[in-house]
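Raw contents of final.tsv, TSV, C-alpha atoms:
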```
chain	number	residue	atom	x	y	z
A	1	MET	CA	12.63	63.03	-15.78
A	2	ARG	CA	16.27	62.72	-14.77
A	3	THR	CA	15.18	61.90	-11.17
A	4	GLN	CA	12.90	59.13	-12.38
A	5	LEU	CA	15.64	57.63	-14.48
A	6	SER	CA	17.98	57.73	-11.50
A	7	ILE	CA	15.51	55.74	-9.43
A	8	LEU	CA	15.18	53.14	-12.17
A	9	THR	CA	18.93	52.73	-12.56
A	10	ASP	CA	19.76	52.73	-8.83
A	11	ASP	CA	21.78	49.61	-8.06
A	12	THR	CA	21.50	49.74	-4.25
A	13	THR	CA	17.91	48.44	-4.26
A	14	VAL	CA	17.56	44.66	-4.46
A	15	ASP	CA	14.68	43.92	-6.83
A	16	VAL	CA	13.55	40.39	-7.76
A	17	ASP	CA	10.41	39.90	-9.87
A	18	ARG	CA	9.02	36.36	-9.85
A	19	SER	CA	5.81	37.14	-11.70
A	20	ASP	CA	4.51	34.19	-13.69
A	21	THR	CA	1.66	35.32	-15.87
A	22	GLY	CA	1.29	31.87	-17.37
A	23	TYR	CA	0.79	30.29	-13.97
A	24	ASP	CA	-1.53	33.10	-12.88
A	25	ALA	CA	-3.73	32.45	-15.90
A	26	TRP	CA	-3.71	28.70	-15.19
A	27	VAL	CA	-4.76	29.28	-11.56
A	28	GLN	CA	-7.56	31.60	-12.61
A	29	ASN	CA	-8.90	28.98	-15.03
A	30	ALA	CA	-8.56	26.23	-12.41
A	31	ILE	CA	-10.44	28.23	-9.77
A	32	ARG	CA	-13.10	29.11	-12.34
A	33	ALA	CA	-13.54	25.39	-13.11
A	34	VAL	CA	-13.90	24.46	-9.42
A	35	ASN	CA	-16.39	27.28	-8.80
A	36	ALA	CA	-18.34	26.37	-11.92
A	37	ASP	CA	-18.71	22.84	-10.58
A	38	ALA	CA	-20.25	24.27	-7.41
A	39	GLN	CA	-22.67	26.38	-9.45
A	40	ARG	CA	-23.77	23.36	-11.47
A	41	THR	CA	-24.45	21.26	-8.39
A	42	ALA	CA	-27.71	21.76	-6.52
A	43	ASP	CA	-27.55	21.72	-2.73
A	44	THR	CA	-27.90	18.40	-0.93
A	45	HIS	CA	-31.24	17.26	0.43
A	46	LEU	CA	-32.54	17.57	3.97
A	47	LEU	CA	-34.43	14.40	4.88
A	48	ARG	CA	-36.85	13.98	7.76
A	49	PHE	CA	-36.48	10.76	9.74
A	50	PRO	CA	-39.89	9.27	10.68
A	51	LEU	CA	-40.70	9.91	14.34
A	52	PRO	CA	-44.18	9.84	15.92
A	53	LEU	CA	-45.90	13.20	15.41
A	54	GLU	CA	-47.06	13.32	19.03
A	55	TRP	CA	-43.47	13.56	20.24
A	56	ASN	CA	-43.20	17.06	18.73
A	57	ILE	CA	-39.55	16.29	18.06
A	58	GLN	CA	-38.14	16.25	14.54
A	59	LEU	CA	-35.02	14.42	13.40
A	60	TYR	CA	-33.33	15.48	10.18
A	61	LEU	CA	-30.60	13.94	8.03
A	62	LYS	CA	-28.54	16.27	5.85
A	63	ASP	CA	-27.97	13.89	2.94
A	64	GLU	CA	-24.43	14.61	1.78
A	65	SER	CA	-24.35	11.37	-0.22
A	66	THR	CA	-26.12	13.22	-3.06
A	67	HIS	CA	-22.95	15.14	-3.98
A	68	VAL	CA	-21.57	14.15	-7.37
A	69	THR	CA	-18.76	12.18	-5.68
A	70	GLY	CA	-21.13	10.61	-3.19
A	71	SER	CA	-20.12	11.96	0.21
A	72	LEU	CA	-19.78	14.85	2.64
A	73	LYS	CA	-16.10	15.02	1.61
A	74	HIS	CA	-17.04	16.66	-1.70
A	75	ARG	CA	-17.40	20.00	0.11
A	76	LEU	CA	-14.08	19.53	1.87
A	77	ALA	CA	-12.26	18.54	-1.32
A	78	ARG	CA	-13.58	21.63	-3.12
A	79	SER	CA	-12.44	23.87	-0.26
A	80	LEU	CA	-9.00	22.23	-0.07
A	81	PHE	CA	-8.42	22.64	-3.80
A	82	LEU	CA	-9.50	26.28	-3.74
A	83	TYR	CA	-7.22	26.84	-0.74
A	84	GLY	CA	-4.26	25.16	-2.43
A	85	LEU	CA	-4.83	27.05	-5.68
A	86	ALA	CA	-5.23	30.43	-3.97
A	87	ASN	CA	-2.04	29.81	-1.98
A	88	GLY	CA	-0.07	28.87	-5.09
A	89	TRP	CA	0.58	25.34	-3.84
A	90	ILE	CA	-1.14	23.43	-6.65
A	91	ARG	CA	0.66	23.72	-9.97
A	92	PRO	CA	0.10	22.32	-13.48
A	93	GLY	CA	1.53	18.87	-14.09
A	94	VAL	CA	2.54	18.39	-10.46
A	95	PRO	CA	0.75	15.66	-8.46
A	96	VAL	CA	-1.59	16.42	-5.59
A	97	ILE	CA	-1.20	13.84	-2.81
A	98	GLU	CA	-3.61	13.03	0.01
A	99	ALA	CA	-3.73	10.79	3.06
A	100	SER	CA	-7.21	9.32	3.27
A	101	SER	CA	-9.35	6.37	4.25
A	102	GLY	CA	-11.12	6.71	0.93
A	103	SER	CA	-14.00	9.19	0.60
A	104	THR	CA	-11.92	12.38	0.66
A	105	ALA	CA	-9.60	10.87	-1.93
A	106	VAL	CA	-12.54	10.02	-4.21
A	107	SER	CA	-13.68	13.64	-4.14
A	108	GLU	CA	-10.17	15.04	-4.50
A	109	ALA	CA	-9.45	12.77	-7.47
A	110	TYR	CA	-12.56	14.28	-9.09
A	111	PHE	CA	-11.31	17.85	-8.63
A	112	ALA	CA	-7.77	16.95	-9.69
A	113	ARG	CA	-9.12	15.58	-12.96
A	114	LEU	CA	-11.36	18.65	-13.31
A	115	ILE	CA	-8.33	20.99	-13.34
A	116	GLY	CA	-5.99	18.53	-15.07
A	117	VAL	CA	-3.42	17.61	-12.42
A	118	PRO	CA	-2.28	14.11	-11.33
A	119	PHE	CA	-3.61	12.76	-8.05
A	120	ILE	CA	-2.19	10.11	-5.69
A	121	ALA	CA	-4.25	8.75	-2.77
A	122	VAL	CA	-2.31	7.23	0.13
A	123	VAL	CA	-4.76	4.84	1.79
A	124	PRO	CA	-4.62	2.01	4.32
A	125	ARG	CA	-4.64	-1.42	2.72
A	126	SER	CA	-7.84	-2.12	4.67
A	127	THR	CA	-9.77	0.55	2.71
A	128	SER	CA	-12.87	-0.86	1.05
A	129	SER	CA	-12.35	-2.04	-2.52
A	130	GLU	CA	-15.30	0.04	-3.72
A	131	LYS	CA	-13.63	3.25	-2.50
A	132	THR	CA	-10.34	2.45	-4.22
A	133	ARG	CA	-12.25	1.58	-7.38
A	134	LEU	CA	-13.92	5.00	-7.26
A	135	ILE	CA	-10.58	6.77	-6.75
A	136	GLU	CA	-9.24	5.10	-9.86
A	137	PHE	CA	-12.48	5.73	-11.74
A	138	GLU	CA	-12.00	9.47	-11.08
A	139	GLY	CA	-8.49	9.25	-12.51
A	140	GLY	CA	-6.48	8.94	-9.29
A	141	THR	CA	-3.68	6.54	-8.41
A	142	VAL	CA	-3.94	4.47	-5.22
A	143	HIS	CA	-0.84	4.04	-3.05
A	144	TYR	CA	-1.35	1.54	-0.21
A	145	VAL	CA	0.23	1.47	3.24
A	146	ASP	CA	0.00	-1.48	5.62
A	147	ASP	CA	-0.15	0.64	8.78
A	148	ALA	CA	-3.00	3.19	8.78
A	149	ARG	CA	-1.02	5.39	11.17
A	150	THR	CA	1.57	6.08	8.45
A	151	VAL	CA	-0.71	7.58	5.79
A	152	SER	CA	0.38	11.15	6.55
A	153	SER	CA	4.12	10.44	6.84
A	154	GLU	CA	4.03	8.43	3.61
A	155	SER	CA	2.21	11.29	1.89
A	156	VAL	CA	4.93	13.69	3.03
A	157	ARG	CA	7.57	11.31	1.65
A	158	LEU	CA	5.79	10.96	-1.70
A	159	ALA	CA	5.38	14.73	-2.01
A	160	ALA	CA	9.12	15.20	-1.46
A	161	GLU	CA	9.95	12.42	-3.90
A	162	THR	CA	7.69	13.67	-6.70
A	163	GLY	CA	7.83	17.41	-6.05
A	164	GLY	CA	4.09	17.25	-5.50
A	165	HIS	CA	1.78	18.98	-3.05
A	166	PHE	CA	0.50	17.15	0.04
A	167	ILE	CA	-2.96	18.69	0.34
A	168	ASP	CA	-3.27	17.40	3.96
A	169	GLN	CA	-6.93	17.39	4.95
A	170	PHE	CA	-6.10	16.70	8.60
A	171	THR	CA	-4.20	19.98	8.94
A	172	TYR	CA	-6.12	22.28	6.62
A	173	ALA	CA	-9.76	21.17	6.79
A	174	GLU	CA	-10.85	23.73	9.37
A	175	ARG	CA	-9.00	26.66	7.79
A	176	ALA	CA	-9.77	25.90	4.15
A	177	THR	CA	-13.55	26.06	4.70
A	178	ASP	CA	-15.16	29.49	4.94
A	179	TRP	CA	-17.00	29.01	8.24
A	180	ARG	CA	-18.79	32.38	8.01
A	181	GLY	CA	-20.90	31.19	5.10
A	182	ASN	CA	-20.34	30.91	1.33
A	183	ASN	CA	-22.69	27.92	1.10
A	184	ASN	CA	-20.82	25.82	3.64
A	185	VAL	CA	-22.71	22.94	5.21
A	186	ALA	CA	-23.77	25.02	8.23
A	187	GLU	CA	-25.27	27.83	6.18
A	188	SER	CA	-27.04	25.27	4.02
A	189	ILE	CA	-28.50	23.53	7.06
A	190	PHE	CA	-30.00	26.66	8.59
A	191	ARG	CA	-31.35	27.89	5.26
A	192	GLN	CA	-33.11	24.57	4.65
A	193	MET	CA	-34.43	24.46	8.21
A	194	SER	CA	-35.98	27.93	8.05
A	195	GLU	CA	-39.55	26.74	7.38
A	196	GLU	CA	-39.50	23.68	9.65
A	197	PRO	CA	-41.51	23.47	12.92
A	198	HIS	CA	-38.36	24.02	14.99
A	199	PRO	CA	-36.05	25.87	12.57
A	200	GLU	CA	-33.17	26.23	15.01
A	201	PRO	CA	-32.03	22.73	15.98
A	202	THR	CA	-31.58	22.00	19.65
A	203	TRP	CA	-28.59	19.85	18.69
A	204	ILE	CA	-26.56	19.26	15.54
A	205	VAL	CA	-24.68	15.97	15.73
A	206	THR	CA	-21.57	15.38	13.63
A	207	THR	CA	-18.77	12.84	13.50
A	208	ALA	CA	-15.08	13.65	13.15
A	209	GLY	CA	-12.49	12.45	10.67
A	210	THR	CA	-10.52	15.65	10.31
A	211	GLY	CA	-12.72	17.70	12.63
A	212	GLY	CA	-13.41	20.21	9.87
A	213	THR	CA	-17.18	19.73	9.81
A	214	SER	CA	-17.67	20.17	13.56
A	215	ALA	CA	-15.32	23.20	13.47
A	216	THR	CA	-17.26	24.80	10.61
A	217	ILE	CA	-20.70	24.22	12.14
A	218	GLY	CA	-19.58	25.18	15.66
A	219	ARG	CA	-18.01	28.42	14.48
A	220	TYR	CA	-21.00	29.29	12.29
A	221	VAL	CA	-23.43	28.74	15.16
A	222	ARG	CA	-21.49	31.15	17.36
A	223	TYR	CA	-20.92	33.65	14.56
A	224	THR	CA	-24.66	33.79	13.78
A	225	GLN	CA	-25.55	33.91	17.50
A	226	ARG	CA	-27.68	30.78	17.68
A	227	ALA	CA	-28.53	28.60	20.66
A	228	THR	CA	-27.91	25.31	18.81
A	229	ARG	CA	-25.44	23.02	20.55
A	230	ILE	CA	-22.87	20.84	18.84
A	231	ALA	CA	-22.36	17.17	19.65
A	232	VAL	CA	-19.65	14.97	18.13
A	233	ALA	CA	-19.94	11.18	18.07
A	234	ASP	CA	-16.65	9.27	18.01
A	235	PRO	CA	-16.27	5.57	17.13
A	236	GLU	CA	-14.27	2.93	18.94
A	237	ASN	CA	-10.48	3.08	18.52
A	238	SER	CA	-10.34	6.83	18.00
A	239	CYS	CA	-8.58	9.36	20.19
A	240	PHE	CA	-10.85	12.38	19.69
A	241	PHE	CA	-13.21	11.62	22.58
A	242	ASP	CA	-10.41	10.96	25.08
A	243	GLY	CA	-8.44	14.00	23.93
A	244	TRP	CA	-11.51	16.23	24.21
A	245	LEU	CA	-12.45	14.80	27.61
A	246	GLY	CA	-9.00	15.20	29.12
A	247	GLY	CA	-7.92	18.31	27.24
A	248	ASN	CA	-4.94	16.43	25.86
A	249	THR	CA	-3.95	17.57	22.36
A	250	GLN	CA	-1.33	14.79	22.23
A	251	GLU	CA	-3.81	11.93	22.79
A	252	VAL	CA	-3.17	8.84	20.65
A	253	CYS	CA	-4.83	5.48	20.00
A	254	ASP	CA	-2.88	2.51	18.69
A	255	THR	CA	-5.75	0.20	17.63
A	256	PRO	CA	-7.06	0.69	14.05
A	257	GLY	CA	-10.69	1.75	13.72
A	258	ARG	CA	-13.42	-0.10	11.82
A	259	ILE	CA	-15.76	2.78	10.97
A	260	GLU	CA	-14.22	4.22	7.83
A	261	GLY	CA	-14.04	7.97	7.33
A	262	ILE	CA	-14.13	8.98	10.99
A	263	GLY	CA	-11.97	8.52	14.04
A	264	ARG	CA	-8.23	9.05	14.13
A	265	PRO	CA	-5.23	7.55	15.95
A	266	ARG	CA	-4.05	11.05	16.94
A	267	MET	CA	-5.55	14.45	17.70
A	268	GLU	CA	-5.53	16.19	14.33
A	269	PRO	CA	-4.87	19.95	13.95
A	270	SER	CA	-8.29	20.54	12.35
A	271	PHE	CA	-10.16	19.09	15.34
A	272	LEU	CA	-11.22	22.02	17.55
A	273	PRO	CA	-12.41	20.80	20.97
A	274	SER	CA	-13.41	24.31	22.05
A	275	VAL	CA	-16.40	24.49	19.64
A	276	ILE	CA	-17.87	21.18	20.81
A	277	ASP	CA	-20.48	21.07	23.60
A	278	ARG	CA	-20.77	17.32	23.97
A	279	MET	CA	-19.12	14.12	22.80
A	280	MET	CA	-20.14	10.46	22.81
A	281	LYS	CA	-18.04	7.34	22.39
A	282	VAL	CA	-20.22	5.05	20.25
A	283	PRO	CA	-19.65	1.28	20.01
A	284	ASP	CA	-19.05	0.09	16.47
A	285	ALA	CA	-21.89	-2.40	16.84
A	286	ALA	CA	-24.26	0.48	17.66
A	287	SER	CA	-23.11	2.41	14.57
A	288	ILE	CA	-23.77	-0.55	12.31
A	289	ALA	CA	-27.07	-1.48	13.95
A	290	THR	CA	-28.24	2.09	13.35
A	291	ILE	CA	-27.57	2.05	9.60
A	292	HIS	CA	-29.49	-1.21	9.38
A	293	ALA	CA	-32.38	0.50	11.18
A	294	LEU	CA	-32.09	3.46	8.80
A	295	GLN	CA	-32.36	1.12	5.83
A	296	ALA	CA	-35.40	-0.60	7.33
A	297	ARG	CA	-37.22	2.62	8.17
A	298	MET	CA	-36.24	4.91	5.29
A	299	GLY	CA	-35.02	2.53	2.58
A	300	ARG	CA	-31.61	4.19	2.47
A	301	MET	CA	-28.25	2.53	2.84
A	302	ALA	CA	-25.53	4.61	4.48
A	303	GLY	CA	-21.95	4.18	5.60
A	304	GLY	CA	-20.94	3.41	9.16
A	305	SER	CA	-20.11	7.02	10.05
A	306	THR	CA	-23.74	7.96	9.44
A	307	GLY	CA	-24.74	5.29	11.95
A	308	THR	CA	-22.34	6.71	14.56
A	309	GLY	CA	-23.91	10.16	14.32
A	310	LEU	CA	-27.48	8.88	14.06
A	311	TRP	CA	-27.07	6.69	17.16
A	312	ALA	CA	-25.94	9.76	19.12
A	313	ALA	CA	-28.87	11.76	17.74
A	314	LEU	CA	-31.33	9.07	18.84
A	315	ARG	CA	-29.84	9.09	22.35
A	316	ILE	CA	-30.38	12.85	22.52
A	317	ILE	CA	-33.97	12.45	21.31
A	318	ALA	CA	-34.60	9.80	23.98
A	319	GLU	CA	-33.37	12.29	26.58
A	320	MET	CA	-35.61	15.03	25.21
A	321	ARG	CA	-38.61	12.68	25.33
A	322	SER	CA	-37.89	11.68	28.90
A	323	ARG	CA	-37.86	15.38	29.89
A	324	GLY	CA	-40.95	16.20	27.88
A	325	GLU	CA	-39.08	18.59	25.59
A	326	SER	CA	-39.87	19.48	21.99
A	327	GLY	CA	-37.46	20.63	19.33
A	328	SER	CA	-35.36	19.35	16.46
A	329	VAL	CA	-32.12	17.38	16.12
A	330	LEU	CA	-30.04	17.16	12.96
A	331	THR	CA	-27.24	14.86	11.88
A	332	LEU	CA	-25.47	14.02	8.62
A	333	LEU	CA	-25.90	11.20	6.14
A	334	CYS	CA	-22.21	11.19	5.27
A	335	ASP	CA	-22.04	8.74	2.37
A	336	GLY	CA	-23.94	5.89	0.78
A	337	GLY	CA	-23.89	2.28	1.92
A	338	ASP	CA	-22.99	0.94	-1.53
A	339	ARG	CA	-19.33	1.54	-0.63
A	340	TYR	CA	-19.60	-0.87	2.30
A	341	VAL	CA	-21.71	-3.79	1.09
A	342	ASP	CA	-18.79	-6.13	1.72
A	343	ARG	CA	-18.49	-4.93	5.32
A	344	TYR	CA	-21.27	-3.32	7.30
A	345	TYR	CA	-23.98	-5.12	5.32
A	346	ASN	CA	-22.13	-8.43	5.21
A	347	ASP	CA	-22.94	-10.92	8.00
A	348	ALA	CA	-19.72	-12.86	7.40
A	349	TRP	CA	-17.61	-9.72	7.90
A	350	LEU	CA	-19.55	-8.78	11.04
A	351	ASP	CA	-19.08	-12.27	12.47
A	352	ALA	CA	-15.35	-12.21	11.69
A	353	GLN	CA	-15.09	-8.89	13.53
A	354	GLY	CA	-17.08	-10.18	16.50
A	355	ILE	CA	-19.73	-7.49	16.02
A	356	ASP	CA	-23.20	-8.27	17.37
A	357	THR	CA	-25.67	-5.58	16.31
A	358	ALA	CA	-28.77	-7.25	17.80
A	359	PRO	CA	-28.74	-5.60	21.27
A	360	TYR	CA	-28.40	-2.12	19.77
A	361	ARG	CA	-31.01	-2.75	17.10
A	362	ALA	CA	-33.40	-3.82	19.87
A	363	MET	CA	-32.75	-0.53	21.73
A	364	ILE	CA	-33.49	1.48	18.58
A	365	ASP	CA	-36.71	-0.39	17.91
A	366	GLU	CA	-37.78	-0.02	21.54
A	367	LEU	CA	-37.35	3.77	21.29
A	368	LEU	CA	-39.00	4.25	17.91
A	369	ASP	CA	-41.86	1.80	18.42
A	370	ALA	CA	-42.77	2.94	21.92
```
Using structure tokens, write down the structure that the file contains.
Amino acid sequence: MRTQLSILTDDTTVDVDRSDTGYDAWVQNAIRAVNADAQRTADTHLLRFPLPLEWNIQLYLKDESTHVTGSLKHRLARSLFLYGLANGWIRPGVPVIEASSGSTAVSEAYFARLIGVPFIAVVPRSTSSEKTRLIEFEGGTVHYVDDARTVSSESVRLAAETGGHFIDQFTYAERATDWRGNNNVAESIFRQMSEEPHPEPTWIVTTAGTGGTSATIGRYVRYTQRATRIAVADPENSCFFDGWLGGNTQEVCDTPGRIEGIGRPRMEPSFLPSVIDRMMKVPDAASIATIHALQARMGRMAGGSTGTGLWAALRIIAEMRSRGESGSVLTLLCDGGDRYVDRYYNDAWLDAQGIDTAPYRAMIDELLDA
């Protein structure tokens, strides 16, 4: 007993206890709330795009617009909040701050309100008014910047000023998501494809904003030892394609993009070129023509990023047809078109941007009506 007391009273050992049982309980409740939201939400739908049966090629759209916050970014926001909570970065009463072109911020504002913390979205002034309305509807505050290239630096400044946490999707997207499974988008895709004619897609086509989705799917495909290849479609005025092509992690692009949610002016840390088999640089006019074709053929309006990926998927299908191959191709319906009615579905906006969709729409119709 004397020995034990000596150990306890020894003053040569430096001992600092920073336990915070109150915070630990708050984190547990916050994580429980985020996980409960996932349990309440059914998985998103897998839609089949109409192609002629005689082609023996199937095209699928993973409809991420059916998430409660309306986009693919709902999965990312959930993962980022769980990551920040598990790391002890998100704290009660302290604002969470994000740099975003809109959709991620909508989803993050939802989760911030769910666990009761303030949320500030740093967005380019060019962000669609419908997206900023949704951020505010979910309880977030919108902070505008005039130069889209400064969203991250301004988020860092705001975090320092407020004592908040910059959640930073562009750095943490690929590491916050459990790429081995746990109902990530890749696991969901292959589970839903299991009874289809070609259950293992020849190609999965994604687009890149952070690079987190292509990283998750690419890693999962390798981890589960599948032959599926990964293609990434990049819009105009984005550096991902050029950086991937030249192996330059410092690639930049100075011209702002017009396809919201994807494309970046710099190579982001979450973009992993090594998991990507193929990339395409897609003209903005082709992206927009493709969502108009999607609306005409399936009655669904989608955002421009969906058109970028779907255009690339149709190119791959045209190649497969020309070689007489069968199989399946899958891409993502990233978000709904109601967020872009004043842009991609607005002839005046298209004219002002000098975007002519007619040649690309003709190519799509030629392929699908052949």
Between atom CA of Asn35 of chain A and atom CA of Arg78 of chain A, what is the spacing in Å?
->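 Distance between the two atoms: 8.5 Å.
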Residues at most 10 Å from segment 177-183 of chain A, counting all atoms listed in the file, excluding those fewer than 6 positions away in the same chain, as a PyMOL selection string?
-> chain A and resi 38+43+75-80+82-83+189+191+212-213+215-224
Using all atoms listed in the file, what table do you get, as JSON lines, when you list each residue of segment 194-226 of chain A with an atom no more than 7 Å from segment 260-267 of chain A, its nearest pair of atoms, and their distance in Å rounded to one decimal, rows by chain then rising number?
```
{"residue": "A:Thr207", "atom": "CA", "partner": "A:Ile262", "partner_atom": "CA", "distance": 6.5}
{"residue": "A:Ala208", "atom": "CA", "partner": "A:Ile262", "partner_atom": "CA", "distance": 5.2}
{"residue": "A:Gly209", "atom": "CA", "partner": "A:Ile262", "partner_atom": "CA", "distance": 3.9}
```
Between A:Pro273, A:Gly247, A:Gly303, A:Gly257, which one has atoms that come closest to Val341 of chain A, using all atoms listed in the file?
->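 Closest to Val341 of chain A, using all atoms listed in the file: A:Gly303.
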Of A:Ser107, A:Asn56, A:Thr290, A:Ser328, the one nearest to Ile316 of chain A when counting only C-alpha atoms is A:Ser328
Close residues, Val151 of chain A itself excluded, 12 Å, all atoms listed in the file, min 4 positions apart in chain, as a list of chain:residue names = A:Ile97, A:Glu98, A:Ala99, A:Ser100, A:Ser101, A:Gly102, A:Ile120, A:Ala121, A:Val122, A:Val123, A:Pro124, A:Arg125, A:Thr127, A:Val142, A:His143, A:Tyr144, A:Val145, A:Asp146, A:Asp147, A:Ser155, A:Val156, A:Arg157, A:Leu158, A:Phe166, A:Asp168, A:Gln169, A:Phe170, A:Arg264, A:Pro265
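Residue nearest Arg149 of chain A, chosen from A:Gly354, A:Met363, A:Cys253, A:Val96 and counting only C-alpha atoms: A:Cys253.
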Residue neighbourhood segment 22-32 of chain A, 12 Å, only C-alpha atoms, exclusion window fewer than 4 positions, as JSON, numbers by chain = {"A": [18, 36, 37, 38, 39, 78, 79, 80, 81, 82, 83, 84, 85, 86, 87, 88, 89, 90, 91, 92, 93, 111, 112, 113, 114, 115, 116, 117]}
Which residues, written as a list of chain:residue names, have at least one atom at most 10 Å from Ala231 of chain A, with only C-alpha atoms counted and residues fewer than 3 positions away on the same chain left out?
-> A:Trp203, A:Ile204, A:Val205, A:Thr206, A:Thr207, A:Ser214, A:Gly218, A:Thr228, A:Asp234, A:Val275, A:Ile276, A:Asp277, A:Arg278, A:Met279, A:Met280, A:Gly309, A:Ala312, A:Ala313, A:Ile316, A:Thr331
Would you list the contacts of Val106 of chain A as an NGL selection string, taking every protein, DNA or RNA residue within 7 Å and counting only C-alpha atoms, but skipping same-chain residues closer than 3 positions in sequence?
-> :A and (69 or 102-103 or 109-110 or 134-135 or 138)
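Of the residues under consideration (A:Thr308, A:Asn346, A:Thr12, A:Thr162), A:Thr308 shows the shortest atom-to-atom contact distance to Ala286 of chain A when counting all atoms listed in the file.
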Identify which of the residues A:Arg321, A:Gly243, A:Arg343, A:Thr9 lies closest to Ser274 of chain A, counting only C-alpha atoms when measuring atom-to-atom distances.
->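 Residue with the minimum atom-to-atom distance to Ser274 of chain A: A:Gly243.
Pairwise distance (atom CA of Lys73 of chain A, atom CA of Glu108 of chain A) equals 8.5 Å.
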Looking at all atoms listed in the file, which of A:Thr202, A:Met320, A:Gly304, A:Arg48 is the one that sits closest to Cys334 of chain A?
->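 Under the stated criterion, the closest residue is A:Gly304.
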